[in-house]
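Participant: Below is one structure. I have some questions about it.
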Amino acid sequence: LGMVMQENGIKPEIEIFDAGMVYNALYYLKKGILKAPLHFQFVLGAAGGMDATVENLVFLKSLIPAGSTWGALGIGKGHLPIMYAALALGGHVRVGMEDNILYAKGVLAKSNVEFVERTKRIVRELNKEIATPDEAREILGLKSL
């Protein structure tokens with residue numbers, strides 16, 4: 001499958017739930033099945049995975065090859081701390097109801113819009129910018145449309 005993705009110009013998002021998954025990706029990179037630079041998505045707080053802590057995020061980030069892009073998300077109560085840490089550490093973020101159904105403790109989200117709007121506010125408060133679709137393609141090394 002990795003070779004088919006390369007042949008079709010598809011860049012995989014390598015979702016990481018624990019450290020062993022990083023090592024699996026590095027193995028496939030070494031074998032040529034994955035092609036650098038890689039893009040990792042750290043998913044913290046999922047059942048059976050690593051807890052959504054800043055310490056775990058920093059540890060996982062330390063395992064990936066230089067030049068890789070990465071993002072992180074925390075499920076549940078780890079959502080905001082992981083978002084803040086990812087942004088502070090130079091990573092990207094993913095938000096939405098796929099990962100969290102509560103907007104805040106005890107408050108059910110109405111739609112993905114709430115998560116996106118809050119993220120936009122946080123990014124601006126940190127003096128960072130939201131990437132445009134073209135900028136995101138450039139960051140990830142994807143072809144322009």
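Chain labels A, B, ... are given in the sequence in which chains occur in the structure tokens; within each chain residues are numbered consecutively from 1, and ligands are likewise numbered from 1 in the order shown.
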Taking only chain A into account, list the residues labelled alpha helix (DSSP H) by DSSP (computed from the backbone), as a PyMOL selection string.
Facilitator: chain A and resi 2-7+19-30+54-63+79-88+112-125+133-140
Participant: Just the residues within 9 Å of Met5 in chain A, please, counting only C-alpha atoms, with nothing from its chain fewer than 6 positions along; format it as a short mmCIF file (atom, residue, chain, number, x, y, z; two decimals) with all heavy atoms, in the first residue's frame.
Facilitator:
```cif
data_model
loop_
_atom_site.label_atom_id
_atom_site.label_comp_id
_atom_site.auth_asym_id
_atom_site.auth_seq_id
_atom_site.Cartn_x
_atom_site.Cartn_y
_atom_site.Cartn_z
N LYS A 11 0.31 11.39 0.24
CA LYS A 11 1.12 11.46 1.46
C LYS A 11 0.28 10.96 2.62
O LYS A 11 -0.74 11.56 2.95
CB LYS A 11 1.59 12.88 1.71
CG LYS A 11 2.49 12.97 2.93
CD LYS A 11 3.11 14.33 3.02
CE LYS A 11 4.21 14.29 4.04
NZ LYS A 11 5.40 14.96 3.57
N PRO A 12 0.72 9.90 3.28
CA PRO A 12 -0.08 9.38 4.40
C PRO A 12 0.06 10.23 5.66
O PRO A 12 1.12 10.81 5.92
CB PRO A 12 0.51 7.99 4.64
CG PRO A 12 1.91 8.08 4.15
CD PRO A 12 1.88 9.06 3.00
N LEU A 34 7.65 3.88 3.01
CA LEU A 34 7.26 5.27 3.26
C LEU A 34 8.39 6.15 2.77
O LEU A 34 9.55 5.74 2.76
CB LEU A 34 7.02 5.51 4.76
CG LEU A 34 5.82 4.82 5.38
CD1 LEU A 34 5.82 5.02 6.89
CD2 LEU A 34 4.52 5.31 4.76
#
```
Participant: If you count only C-alpha atoms, which residues fall within 12 Å of Lys105 in chain A, apart from same-chain ones fewer than 5 positions away, as a list in words?
Facilitator: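 In the requested format, the answer is Gly76, Lys77, Gly78, His79, Leu80 and Asn100 of chain A.
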Participant: Set the distance at 12 Å and use only C-alpha atoms: which residues neighbour Arg137 in chain A once local chain neighbours fewer than 6 positions away are removed? I'd like the list as a list of chain:residue names.
Facilitator: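 Close residues of Arg137 in chain A: A:Ile10, A:Lys11, A:His39, A:Thr69, A:Ala131, A:Lys143, A:Ser144, A:Leu145.
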Participant: Find the distance between CA of Lys128 in chain A and CA of Tyr84 in chain A and write it in Å to one decimal.
Facilitator: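 These atoms are spaced 11.8 Å apart.
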Participant: Which neighbours of range 40-44 of chain A fall inside 6 Å, counting only C-alpha atoms, when residues of the same chain fewer than 4 positions from it are skipped, and could you give them as a count of residues only?
Facilitator: 13
